[in-house]
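Q: See protein.txt below, with compact mmCIF, C-alpha atoms and all ligand atoms.
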# COMPACT_ATOMS: atom_id res chain seq x y z
CA MET A 27 -59.70 6.71 19.59
CA SER A 28 -63.33 6.51 20.67
CA GLY A 29 -65.69 7.71 23.42
CA LYS A 30 -66.65 11.22 24.48
CA PRO A 31 -65.72 14.27 22.42
CA GLU A 32 -62.52 15.76 23.71
CA ILE A 33 -61.28 19.33 23.85
CA ILE A 34 -57.64 19.61 22.88
CA PRO A 35 -56.01 22.85 24.07
CA PRO A 36 -54.12 24.70 21.36
CA SER A 37 -50.43 25.31 21.87
CA VAL A 38 -49.49 28.75 23.17
CA THR A 39 -48.50 30.78 20.13
CA GLU A 40 -49.48 34.33 19.25
CA PRO A 41 -51.54 35.35 17.45
CA GLN A 42 -53.72 32.28 17.84
CA ALA A 43 -55.87 31.03 14.99
CA PRO A 44 -59.53 30.30 15.82
CA LEU A 45 -60.45 26.80 16.92
CA VAL A 46 -62.19 24.39 14.59
CA ALA A 47 -63.92 21.13 15.41
CA LEU A 48 -63.39 18.02 13.34
CA THR A 49 -63.73 14.29 13.86
CA ILE A 50 -60.87 11.83 13.61
CA ASN A 51 -61.92 8.19 13.50
CA GLY A 52 -65.33 9.19 14.88
CA SER A 53 -64.09 11.28 17.84
CA GLU A 54 -64.43 15.03 17.96
CA VAL A 55 -61.27 17.05 18.21
CA ARG A 56 -60.80 20.82 18.54
CA VAL A 57 -57.62 22.35 17.31
CA ARG A 58 -56.40 25.62 15.84
CA ALA A 59 -57.48 26.24 12.27
CA ASP A 60 -53.86 26.64 11.12
CA GLN A 61 -52.92 23.10 12.06
CA THR A 62 -52.61 20.06 9.84
CA ILE A 63 -54.54 16.83 10.14
CA LEU A 64 -51.32 15.15 11.30
CA GLN A 65 -50.87 17.70 14.11
CA ALA A 66 -54.52 17.35 15.10
CA ALA A 67 -54.16 13.57 15.18
CA GLU A 68 -51.03 13.78 17.31
CA LEU A 69 -52.80 16.05 19.79
CA ALA A 70 -55.66 13.55 19.89
CA ASP A 71 -53.22 10.67 20.42
CA VAL A 72 -54.05 9.06 17.08
CA ASN A 73 -51.04 7.60 15.31
CA ILE A 74 -50.66 8.29 11.59
CA PRO A 75 -47.49 6.81 10.04
CA HIS A 76 -45.24 9.51 8.59
CA LEU A 77 -41.67 9.59 7.35
CA CYS A 78 -40.85 12.88 5.69
CA GLU A 79 -42.64 15.33 7.96
CA LEU A 80 -40.33 17.58 9.96
CA PRO A 81 -41.84 20.40 12.03
CA GLU A 82 -39.01 22.78 11.14
CA MET A 83 -39.39 22.26 7.39
CA GLU A 84 -42.06 23.15 4.92
CA HIS A 85 -44.25 20.13 4.19
CA TYR A 86 -44.21 18.84 0.70
CA GLY A 87 -45.85 15.43 1.07
CA GLY A 88 -42.99 13.33 -0.32
CA CYS A 89 -43.35 9.92 1.32
CA ARG A 90 -47.15 9.70 1.24
CA MET A 91 -47.15 7.40 4.22
CA CYS A 92 -49.50 9.73 6.06
CA LEU A 93 -52.42 9.39 3.65
CA VAL A 94 -55.85 9.67 5.30
CA GLU A 95 -59.41 9.66 3.99
CA VAL A 96 -61.50 12.82 4.32
CA THR A 97 -65.23 12.58 3.71
CA GLY A 98 -66.15 14.44 0.54
CA MET A 99 -62.66 14.20 -0.96
CA GLU A 100 -62.26 12.00 -3.97
CA ARG A 101 -58.84 10.62 -3.00
CA PRO A 102 -56.84 10.15 0.20
CA VAL A 103 -54.82 13.23 1.17
CA PRO A 104 -51.47 13.58 3.00
CA ALA A 105 -52.21 14.39 6.63
CA CYS A 106 -48.92 16.25 7.06
CA SER A 107 -49.75 18.93 4.51
CA THR A 108 -53.56 19.18 4.65
CA ARG A 109 -55.01 21.81 6.98
CA VAL A 110 -57.93 21.00 9.23
CA SER A 111 -61.29 22.66 8.61
CA GLU A 112 -64.56 22.97 10.45
CA ASN A 113 -66.62 19.75 10.49
CA MET A 114 -63.92 17.81 8.65
CA ASP A 115 -64.43 14.04 9.00
CA VAL A 116 -61.14 12.12 8.89
CA ALA A 117 -60.47 8.37 8.83
CA THR A 118 -56.87 7.31 9.45
CA ASP A 119 -57.26 3.57 9.36
CA SER A 120 -58.78 1.38 6.63
CA ASP A 121 -57.74 -1.56 4.47
CA HIS A 122 -57.49 0.78 1.50
CA LEU A 123 -55.15 3.16 3.37
CA LEU A 124 -53.03 0.27 4.61
CA ARG A 125 -52.60 -1.00 1.06
CA LEU A 126 -51.69 2.46 -0.21
CA ARG A 127 -49.12 3.01 2.54
CA LYS A 128 -47.60 -0.42 1.94
CA THR A 129 -47.26 0.29 -1.79
CA ASN A 130 -45.74 3.71 -1.09
CA LEU A 131 -43.24 2.19 1.32
CA GLU A 132 -42.26 -0.46 -1.21
CA LEU A 133 -41.74 2.23 -3.83
CA LEU A 134 -39.54 4.18 -1.43
CA LEU A 135 -37.42 1.14 -0.62
CA SER A 136 -37.09 0.15 -4.27
CA ASP A 137 -35.15 3.36 -4.91
CA HIS A 138 -33.33 3.67 -1.62
CA ASN A 139 -30.32 5.80 -2.38
CA ALA A 140 -29.01 5.85 1.14
CA TYR A 141 -26.98 3.74 3.53
CA CYS A 142 -28.11 1.92 6.64
CA ALA A 143 -24.45 1.37 7.57
CA PRO A 144 -21.25 3.01 6.35
CA PRO A 145 -20.41 1.76 2.84
CA CYS A 146 -16.69 1.61 3.68
CA LYS A 147 -17.43 -0.97 6.36
CA TYR A 148 -19.35 -3.16 3.93
CA ARG A 149 -16.39 -3.17 1.55
CA CYS A 150 -13.85 -4.17 4.20
CA PRO A 151 -13.39 -7.95 4.12
CA THR A 152 -12.77 -7.93 7.86
CA ASN A 153 -15.69 -5.59 8.59
CA VAL A 154 -13.64 -3.12 10.64
CA ASP A 155 -15.79 -0.53 12.45
CA ILE A 156 -14.21 2.23 10.38
CA PRO A 157 -16.28 5.24 11.55
CA ALA A 158 -15.64 4.45 15.22
CA PHE A 159 -11.96 3.85 14.56
CA ILE A 160 -11.49 7.02 12.49
CA SER A 161 -13.37 9.12 14.99
CA LEU A 162 -11.09 7.89 17.81
CA VAL A 163 -8.01 8.60 15.70
CA GLY A 164 -9.37 12.10 15.12
CA ASP A 165 -9.72 12.54 18.89
CA GLY A 166 -6.13 11.39 19.37
CA ASP A 167 -7.30 8.39 21.40
CA TYR A 168 -4.88 5.87 19.88
CA ASP A 169 -5.21 3.41 22.73
CA GLU A 170 -8.93 3.02 22.20
CA SER A 171 -8.67 3.20 18.40
CA GLN A 172 -6.23 0.27 18.30
CA ARG A 173 -8.58 -1.63 20.59
CA VAL A 174 -11.49 -1.03 18.18
CA LEU A 175 -9.33 -1.99 15.20
CA LYS A 176 -8.12 -5.17 16.81
CA GLU A 177 -11.65 -6.35 17.40
CA ASN A 178 -11.48 -7.41 13.74
CA LEU A 179 -7.91 -6.94 12.66
CA PRO A 180 -5.09 -8.32 14.80
CA LEU A 181 -2.26 -6.89 12.67
CA PRO A 182 -3.15 -3.26 11.82
CA ALA A 183 0.43 -2.03 11.30
CA SER A 184 1.01 -4.81 8.76
CA VAL A 185 -2.36 -4.57 7.04
CA GLY A 186 -2.05 -0.77 6.99
CA ARG A 187 0.99 -1.21 4.74
CA ILE A 188 -0.38 -3.71 2.26
CA CYS A 189 -4.18 -3.66 2.12
CA PRO A 190 -5.53 -2.49 -1.26
CA HIS A 191 -8.11 -0.61 0.87
CA PRO A 192 -11.36 -1.23 -1.02
CA CYS A 193 -12.99 0.66 1.86
CA GLU A 194 -11.56 3.95 0.59
CA SER A 195 -13.13 3.53 -2.83
CA GLN A 196 -16.50 3.74 -1.06
CA CYS A 197 -15.66 6.62 1.26
CA ARG A 198 -18.39 9.23 0.93
CA ARG A 199 -15.94 12.00 1.78
CA GLN A 200 -14.81 11.83 -1.84
CA GLU A 201 -18.13 13.36 -2.84
CA ILE A 202 -16.70 16.53 -1.27
CA GLU A 203 -12.93 16.14 -1.61
CA GLU A 204 -11.00 12.87 -1.33
CA PRO A 205 -11.44 9.66 0.66
CA VAL A 206 -10.30 9.46 4.26
CA SER A 207 -6.93 7.68 4.50
CA ILE A 208 -8.35 4.69 6.31
CA CYS A 209 -5.56 2.29 5.43
CA LEU A 210 -2.71 4.61 6.39
CA SER A 211 -4.54 5.33 9.64
CA HIS A 212 -4.33 1.59 10.42
CA ARG A 213 -0.61 1.76 9.86
CA PHE A 214 -0.24 4.83 12.06
CA VAL A 215 -2.32 3.43 14.93
CA GLY A 216 -0.64 0.02 14.61
CA ASP A 217 2.80 1.65 14.74
CA VAL A 218 1.83 3.67 17.82
CA ALA A 219 0.57 0.48 19.47
CA ILE A 220 3.91 -1.21 18.74
CA GLN A 221 5.93 1.73 20.05
CA LYS A 222 3.89 2.05 23.22
CA GLY A 223 3.50 -1.69 23.75
CA LEU A 224 -0.29 -1.31 23.76
CA HIS A 225 -2.38 -4.45 23.92
CA PRO A 226 -6.08 -4.39 23.25
CA GLU A 227 -7.23 -6.54 26.12
CA LYS A 228 -6.18 -9.28 28.49
CA PRO A 229 -6.85 -12.90 27.53
CA GLY A 230 -9.80 -14.57 29.22
CA ALA A 231 -9.38 -17.17 31.95
CA PRO A 232 -7.96 -20.48 30.66
CA THR A 233 -10.72 -22.67 29.26
CA GLY A 234 -8.71 -25.89 29.38
CA LYS A 235 -9.29 -26.34 25.63
CA ARG A 236 -6.40 -26.85 23.21
CA VAL A 237 -6.49 -25.81 19.57
CA ALA A 238 -4.03 -26.71 16.82
CA VAL A 239 -3.69 -24.08 14.10
CA ILE A 240 -2.09 -25.32 10.89
CA GLY A 241 -0.41 -22.47 9.07
CA SER A 242 0.72 -19.10 10.37
CA GLY A 243 -0.47 -16.89 7.54
CA PRO A 244 -3.07 -14.17 8.10
CA ALA A 245 -5.89 -16.70 8.64
CA GLY A 246 -3.92 -18.85 11.09
CA ILE A 247 -2.60 -15.83 12.96
CA ALA A 248 -6.06 -14.27 13.26
CA ASN A 249 -7.50 -17.53 14.55
CA ALA A 250 -4.69 -18.04 17.02
CA TYR A 251 -5.03 -14.46 18.24
CA TYR A 252 -8.77 -14.52 18.89
CA LEU A 253 -8.73 -18.06 20.30
CA ALA A 254 -5.95 -17.09 22.72
CA LEU A 255 -7.92 -14.00 23.75
CA LYS A 256 -10.78 -16.31 24.66
CA GLY A 257 -8.48 -18.29 26.93
CA HIS A 258 -7.85 -21.34 24.74
CA ALA A 259 -4.36 -22.87 24.57
CA VAL A 260 -3.17 -22.52 20.97
CA THR A 261 -0.30 -24.15 19.10
CA ILE A 262 0.59 -23.01 15.59
CA PHE A 263 2.23 -25.52 13.23
CA GLU A 264 4.15 -23.89 10.39
CA ALA A 265 6.01 -25.56 7.51
CA LEU A 266 8.40 -22.62 7.07
CA PRO A 267 11.01 -21.40 9.56
CA GLU A 268 9.18 -18.26 10.74
CA PRO A 269 5.58 -17.16 11.29
CA GLY A 270 3.56 -14.97 8.95
CA GLY A 271 2.90 -17.13 5.88
CA MET A 272 2.38 -14.94 2.84
CA LEU A 273 2.83 -11.82 4.96
CA ARG A 274 6.46 -12.83 5.46
CA TYR A 275 7.21 -15.03 2.46
CA GLY A 276 5.00 -13.47 -0.22
CA ILE A 277 5.27 -9.76 0.49
CA PRO A 278 8.63 -8.10 -0.05
CA GLU A 279 10.53 -6.34 2.70
CA TYR A 280 10.12 -2.88 1.15
CA ARG A 281 6.33 -3.19 1.45
CA LEU A 282 6.11 -4.92 4.82
CA PRO A 283 9.29 -4.84 6.89
CA LYS A 284 9.77 -8.07 8.80
CA LYS A 285 10.46 -6.16 12.00
CA VAL A 286 6.96 -4.64 11.85
CA LEU A 287 5.43 -8.08 11.38
CA ASP A 288 7.53 -9.53 14.20
CA ALA A 289 6.50 -6.71 16.54
CA GLU A 290 2.82 -7.21 15.72
CA LEU A 291 3.06 -10.93 16.41
CA GLU A 292 4.51 -10.26 19.85
CA PRO A 293 1.08 -10.14 21.64
CA LEU A 294 0.44 -13.72 20.48
CA TRP A 295 3.55 -15.04 22.14
CA GLN A 296 2.82 -12.96 25.23
CA MET A 297 -0.61 -14.62 25.43
CA GLY A 298 1.16 -17.98 25.44
CA VAL A 299 0.56 -19.06 21.84
CA GLU A 300 3.09 -21.75 20.98
CA PHE A 301 4.86 -21.78 17.61
CA ARG A 302 6.28 -24.94 16.00
CA ALA A 303 8.42 -24.00 13.01
CA ASN A 304 9.46 -26.30 10.15
CA THR A 305 6.54 -28.62 10.88
CA SER A 306 4.50 -29.57 7.82
CA LEU A 307 1.08 -31.14 7.78
CA GLY A 308 1.62 -34.53 6.17
CA PRO A 309 5.34 -35.23 6.56
CA ASP A 310 5.58 -34.12 10.20
CA VAL A 311 2.08 -34.17 11.72
CA SER A 312 -1.31 -35.47 10.68
CA ILE A 313 -4.80 -34.33 11.58
CA ASP A 314 -5.60 -37.72 13.15
CA GLN A 315 -2.47 -37.59 15.25
CA LEU A 316 -3.19 -34.07 16.51
CA LEU A 317 -6.81 -34.81 17.41
CA ASP A 318 -6.60 -38.45 18.54
CA GLN A 319 -3.14 -38.83 20.03
CA ASP A 320 -2.01 -35.33 20.97
CA GLY A 321 -5.36 -34.45 22.50
CA TYR A 322 -6.21 -31.22 20.69
CA ASP A 323 -9.89 -30.34 21.03
CA ALA A 324 -10.09 -28.51 17.72
CA LEU A 325 -8.00 -27.84 14.66
CA PHE A 326 -7.96 -24.91 12.24
CA LEU A 327 -6.57 -25.45 8.74
CA GLY A 328 -5.10 -22.28 7.28
CA ILE A 329 -2.58 -23.67 4.85
CA GLY A 330 -2.70 -20.74 2.43
CA ALA A 331 -2.18 -20.69 -1.32
CA HIS A 332 1.51 -21.26 -1.86
CA GLU A 333 1.27 -22.62 -5.41
CA SER A 334 1.65 -20.24 -8.34
CA ARG A 335 -0.99 -20.53 -11.05
CA SER A 336 0.35 -22.24 -14.14
CA LEU A 337 0.10 -20.36 -17.44
CA ARG A 338 -0.28 -23.67 -19.31
CA VAL A 339 1.89 -22.44 -22.18
CA GLU A 340 4.77 -24.07 -23.96
CA GLY A 341 8.17 -23.39 -22.43
CA GLU A 342 6.86 -22.81 -18.93
CA ASP A 343 9.35 -25.32 -17.57
CA LEU A 344 12.41 -23.89 -19.31
CA PRO A 345 15.37 -22.86 -17.15
CA GLY A 346 14.97 -19.26 -16.02
CA VAL A 347 11.16 -19.44 -15.78
CA ILE A 348 10.30 -19.11 -12.09
CA PRO A 349 6.84 -19.27 -10.47
CA VAL A 350 6.28 -15.99 -8.65
CA VAL A 351 5.43 -17.49 -5.25
CA ASP A 352 8.70 -19.46 -5.27
CA PHE A 353 10.60 -16.40 -6.43
CA LEU A 354 9.33 -14.15 -3.62
CA ARG A 355 9.63 -16.85 -0.96
CA ASP A 356 13.22 -17.68 -1.89
CA VAL A 357 14.20 -14.03 -1.59
CA THR A 358 12.91 -13.98 2.00
CA LEU A 359 14.62 -17.29 2.73
CA GLY A 360 17.89 -15.68 1.68
CA LYS A 361 18.41 -17.73 -1.49
CA PRO A 362 17.30 -15.38 -4.25
CA ALA A 363 17.22 -16.57 -7.85
CA GLU A 364 19.85 -15.35 -10.31
CA VAL A 365 17.79 -12.86 -12.28
CA GLY A 366 20.45 -11.62 -14.71
CA ASP A 367 20.07 -8.29 -16.49
CA ARG A 368 16.76 -8.65 -18.32
CA VAL A 369 13.59 -9.87 -16.62
CA ALA A 370 10.05 -10.24 -17.94
CA VAL A 371 7.19 -10.84 -15.52
CA ILE A 372 3.90 -12.11 -16.90
CA GLY A 373 0.76 -11.04 -15.02
CA GLY A 374 -0.98 -7.97 -13.66
CA GLY A 375 -1.71 -8.75 -10.03
CA PHE A 376 -0.03 -7.70 -6.80
CA SER A 377 2.48 -10.54 -6.95
CA ALA A 378 3.52 -9.56 -10.47
CA ILE A 379 4.18 -6.00 -9.30
CA ASP A 380 6.08 -7.34 -6.29
CA ALA A 381 8.15 -9.53 -8.61
CA VAL A 382 9.19 -6.72 -10.97
CA ARG A 383 10.17 -4.46 -8.10
CA VAL A 384 12.06 -7.22 -6.32
CA ALA A 385 13.85 -8.10 -9.59
CA LEU A 386 15.04 -4.49 -9.78
CA ARG A 387 16.29 -4.73 -6.22
CA LEU A 388 18.17 -7.92 -7.10
CA GLY A 389 20.10 -5.98 -9.72
CA ALA A 390 18.16 -6.53 -12.96
CA LYS A 391 18.67 -3.58 -15.31
CA ASP A 392 15.81 -4.05 -17.72
CA VAL A 393 12.52 -5.22 -16.18
CA THR A 394 9.27 -5.50 -18.13
CA LEU A 395 5.80 -6.48 -16.96
CA VAL A 396 3.67 -8.11 -19.65
CA TYR A 397 -0.07 -8.10 -19.10
CA ARG A 398 -2.69 -9.61 -21.38
CA ARG A 399 -5.28 -6.88 -20.83
CA SER A 400 -5.23 -3.09 -20.42
CA GLN A 401 -3.84 -1.17 -17.45
CA LYS A 402 -7.37 -0.37 -16.29
CA GLU A 403 -8.09 -4.06 -15.87
CA MET A 404 -4.97 -4.86 -13.85
CA PRO A 405 -5.86 -6.34 -10.47
CA ALA A 406 -2.85 -4.57 -8.93
CA HIS A 407 -3.59 -1.24 -7.27
CA GLU A 408 -2.84 1.83 -9.36
CA VAL A 409 -0.48 3.17 -6.68
CA GLU A 410 1.60 0.00 -6.95
CA VAL A 411 1.69 0.32 -10.73
CA ARG A 412 2.73 3.96 -10.52
CA ASP A 413 5.47 3.17 -8.00
CA ALA A 414 6.81 0.42 -10.27
CA GLN A 415 6.78 2.78 -13.25
CA GLU A 416 8.66 5.40 -11.23
CA GLU A 417 11.28 2.80 -10.38
CA GLY A 418 11.82 2.16 -14.09
CA VAL A 419 9.71 -0.93 -14.79
CA LYS A 420 8.38 -1.05 -18.36
CA PHE A 421 4.82 -2.20 -19.01
CA VAL A 422 3.54 -4.00 -22.09
CA PHE A 423 -0.24 -4.17 -22.32
CA LEU A 424 -2.55 -5.84 -24.80
S1 LIG B 1 -7.76 -0.72 4.84
FE1 LIG B 1 -8.34 -2.84 4.34
S2 LIG B 1 -8.58 -3.83 6.34
FE2 LIG B 1 -8.61 -1.64 6.70
S3 LIG B 1 -10.76 -1.04 6.70
FE3 LIG B 1 -9.99 -0.77 4.61
S4 LIG B 1 -10.44 -2.71 3.56
FE4 LIG B 1 -10.61 -3.10 5.78
S1 LIG B 2 -45.22 12.46 6.20
FE1 LIG B 2 -44.45 12.12 4.22
S2 LIG B 2 -46.11 12.78 2.95
FE2 LIG B 2 -46.78 13.13 4.93
As a first step, turn the structure in this file into structure tokens.
Ligand code: SF4
Ligand code: FES

A:
Amino acid sequence: MSGKPEIIPPSVTEPQAPLVALTINGSEVRVRADQTILQAAELADVNIPHLCELPEMEHYGGCRMCLVEVTGMERPVPACSTRVSENMDVATDSDHLLRLRKTNLELLLSDHNAYCAPPCKYRCPTNVDIPAFISLVGDGDYDESQRVLKENLPLPASVGRICPHPCESQCRRQEIEEPVSICLSHRFVGDVAIQKGLHPEKPGAPTGKRVAVIGSGPAGIANAYYLALKGHAVTIFEALPEPGGMLRYGIPEYRLPKKVLDAELEPLWQMGVEFRANTSLGPDVSIDQLLDQDGYDALFLGIGAHESRSLRVEGEDLPGVIPVVDFLRDVTLGKPAEVGDRVAVIGGGFSAIDAVRVALRLGAKDVTLVYRRSQKEMPAHEVEVRDAQEEGVKFVFL
């Protein structure tokens, strides 16, 4: 600010402190004697950066972004907590002040114990807008909450039954009590959507583009769903008889009932997505054929991970040793393995837990899970482990 001295009227408070005159960046300013340099500068329309000053709180000069130079003072002072005085000469802008403020800001950011976005959302692999969704559930607006969910997650009723919910481990509510049940809320809202036949939105106008999706697991389904919503014509090619990939053939019925999955897939078929079962990439169709001869404009490969990891130990190929992916898939295909009375499952992940619990359901009497590390290090969720223990599975750890 420059030019003629200016009289700034004090605000109307009683009793009023006397006026004092000071200069800010060379211009005279008159304010009440009980005001701070920051308040005087604001009245004079001079901007001083400040972060921690709040009118309703006592100033304590924490951020030190508001440092100014006052003639006669050895060091810069915080404008938010320094009172004006008669004939004070204040400079708010200099290279030295800029450097100090920059350093102070860098120090603040280097120890930034706060969140610019909800931590639960960062932990969700699909980046669901959890606060918006939870708030709508709290309001009982299930129609809108399923719409928000399905912006990122086309199968909430299914995911709400099987997701290991890393989001909840970050929920800040547990600093007070326990995390919000985000995952179960998906299940609830997804189930309501199924019951009421709710659909998030209508597909866009046909674009005339055709997309081939190879594989109908979670990735293929999600692609088909969002492409169809955009108005593209989508065909899914699936090697197995029914859609769902690992959701259907890798996750047992007791965790994800097939009828829930089927109901959640319904919107895809209603949007006109075509499904070709028992059609494998390689033996039945090729990428060249789909793009060059069949005229698809684009192709998405979502072939999944249907091979079990080998243990690379002697005896792995003996009769009675079954890779877990084959074991779980064959149960869904209606040709379960003969498990006998005693079963040992090697591994500590979700599939290992699924295998021990399925083995029990197939009639095994003595089921043991063998894991090479401790329980704490098991990739499977502790709830899954507890459920398996309650069902009678024995655990052998390192
Ligand atoms: S439950 Fe799973 S999908 Fe849902 S918000 Fe949490 S991490 Fe994401
Ligand atoms: S505004 Fe933070 S120290 Fe002044």

Q: May I ask for the distance between CA of Met83 in chain A and CA of Asp137 in chain A, given in Å to one decimal place?

A: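 About the pair CA of Met83 in chain A and CA of Asp137 in chain A: they are 22.9 Å apart.
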
Q: Can you tell me which residues sit at most 9 Å away from ligand LIG 1 (chain B), counting all atoms listed in the file, written as a PDB file with C-alpha atoms, in the coordinates of the input?

A:
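What follows is the written file result_24.pdb:
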ATOM      1  CA  CYS A 146     -16.690   1.610   3.680  1.00  0.00           C
ATOM      2  CA  LYS A 147     -17.430  -0.970   6.360  1.00  0.00           C
ATOM      3  CA  TYR A 148     -19.350  -3.160   3.930  1.00  0.00           C
ATOM      4  CA  ARG A 149     -16.390  -3.170   1.550  1.00  0.00           C
ATOM      5  CA  CYS A 150     -13.850  -4.170   4.200  1.00  0.00           C
ATOM      6  CA  PRO A 151     -13.390  -7.950   4.120  1.00  0.00           C
ATOM      7  CA  THR A 152     -12.770  -7.930   7.860  1.00  0.00           C
ATOM      8  CA  ASN A 153     -15.690  -5.590   8.590  1.00  0.00           C
ATOM      9  CA  VAL A 154     -13.640  -3.120  10.640  1.00  0.00           C
ATOM     10  CA  ASP A 155     -15.790  -0.530  12.450  1.00  0.00           C
ATOM     11  CA  ILE A 156     -14.210   2.230  10.380  1.00  0.00           C
ATOM     12  CA  LEU A 175      -9.330  -1.990  15.200  1.00  0.00           C
ATOM     13  CA  ASN A 178     -11.480  -7.410  13.740  1.00  0.00           C
ATOM     14  CA  LEU A 179      -7.910  -6.940  12.660  1.00  0.00           C
ATOM     15  CA  PRO A 182      -3.150  -3.260  11.820  1.00  0.00           C
ATOM     16  CA  VAL A 185      -2.360  -4.570   7.040  1.00  0.00           C
ATOM     17  CA  GLY A 186      -2.050  -0.770   6.990  1.00  0.00           C
ATOM     18  CA  ARG A 187       0.990  -1.210   4.740  1.00  0.00           C
ATOM     19  CA  ILE A 188      -0.380  -3.710   2.260  1.00  0.00           C
ATOM     20  CA  CYS A 189      -4.180  -3.660   2.120  1.00  0.00           C
ATOM     21  CA  PRO A 190      -5.530  -2.490  -1.260  1.00  0.00           C
ATOM     22  CA  HIS A 191      -8.110  -0.610   0.870  1.00  0.00           C
ATOM     23  CA  PRO A 192     -11.360  -1.230  -1.020  1.00  0.00           C
ATOM     24  CA  CYS A 193     -12.990   0.660   1.860  1.00  0.00           C
ATOM     25  CA  GLU A 194     -11.560   3.950   0.590  1.00  0.00           C
ATOM     26  CA  SER A 207      -6.930   7.680   4.500  1.00  0.00           C
ATOM     27  CA  ILE A 208      -8.350   4.690   6.310  1.00  0.00           C
ATOM     28  CA  CYS A 209      -5.560   2.290   5.430  1.00  0.00           C
ATOM     29  CA  LEU A 210      -2.710   4.610   6.390  1.00  0.00           C
ATOM     30  CA  SER A 211      -4.540   5.330   9.640  1.00  0.00           C
ATOM     31  CA  HIS A 212      -4.330   1.590  10.420  1.00  0.00           C
TER      32      HIS A 212
END

Q: At a cut-off of 10 Å, using only C-alpha atoms, what residues contact range 243-251 of chain A? Leave out same-chain residues fewer than 2 positions from it and give the result as a PyMOL selection string.

A: chain A and resi 176+178-181+185+229+237-241+253-256+258-264+269-275+291+293-295+297+299-300+326-331

Q: Around ligand LIG 2 (chain B), which protein and nucleic acid residues have at least one atom no more than 6 Å from it, if we count all atoms listed in the file? List them as a PyMOL selection string.

A: chain A and resi 76-79+87-92+104-106

Q: Quick one: pull the distance between CA of Pro102 in chain A and CA of Tyr86 in chain A, Å, one decimal.

A: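 Distance between the two atoms: 15.3 Å.
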
Q: Can you pull out the residues contacting Val206 in chain A? Cut-off 8 Å, using all atoms listed in the file, and skip same-chain residues under 4 positions away; I want them as a list in words.

A: Glu194, Cys197, Arg199 and Gln200 of chain A

Q: Determine the nearest neighbour of Asp413 in chain A from the options A:Leu307, A:Arg281, A:Gln172, A:Glu290, counting all atoms listed in the file.

A: A:Arg281

Q: Using only C-alpha atoms for the distances, tell me which of A:Ala381, A:Val369, A:Ile313, A:Leu69 is nearest to Glu410 in chain A.

A: A:Ala381

Q: Using all atoms listed in the file, determine which residues lie at most 8 Å from Arg173 in chain A, disregarding the query and same-chain residues fewer than 2 positions distant; provide the list as a JSON list (two decimals) with C-alpha atoms, in the frame of the given file.

A:
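Result written to around.json:
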[["chain", "number", "residue", "atom", "x", "y", "z"],
["A", 169, "ASP", "CA", -5.21, 3.41, 22.73],
["A", 170, "GLU", "CA", -8.93, 3.02, 22.20],
["A", 171, "SER", "CA", -8.67, 3.20, 18.40],
["A", 175, "LEU", "CA", -9.33, -1.99, 15.20],
["A", 176, "LYS", "CA", -8.12, -5.17, 16.81],
["A", 177, "GLU", "CA", -11.65, -6.35, 17.40],
["A", 225, "HIS", "CA", -2.38, -4.45, 23.92],
["A", 226, "PRO", "CA", -6.08, -4.39, 23.25],
["A", 227, "GLU", "CA", -7.23, -6.54, 26.12]]

Q: Looking at A:Val422, A:Val409, A:Ile372, A:Val215, which one is nearest to Gly164 in chain A, with distances taken over all atoms listed in the file?

A: A:Val215

Q: For a test of reading the model, state the distance in Å between CA of Asp380 in chain A and CA of Glu417 in chain A, rounded to one decimal.

A: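 Computing it gives 12.1 Å between the two atoms.
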
Q: Between A:Leu317, A:Ala363, A:Val174, A:Val411, which residue has the minimum interatomic distance to Ala378 in chain A, considering only C-alpha atoms?

A: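 Of A:Leu317, A:Ala363, A:Val174, A:Val411, the one nearest Ala378 in chain A, counting only C-alpha atoms, is A:Val411.
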
Q: Using only C-alpha atoms, can you tell me which of A:Leu316, A:Leu388, A:Pro44, A:Leu123 comes closest to Arg101 in chain A?

A: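 Using only C-alpha atoms, Arg101 in chain A sits closest to A:Leu123.
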
Q: For each of A:Ser400, A:Asn130, A:Ser184, A:Gln415, take the minimum atom-to-atom distance to Val286 in chain A, counting all atoms listed in the file, then give the residue where this is smallest.

A: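 Under the stated criterion, the closest residue is A:Ser184.
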
Q: With 7 Å as the threshold, what does the neighbourhood of (-57.3, 30.0, 17.3) contain in terms of residues, counting all atoms listed in the file? Coordinates are those of the file; answer as a list in words.

A: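 The distance filter leaves exactly Gln42, Ala43, Pro44, Leu45, Arg58 and Ala59 of chain A.
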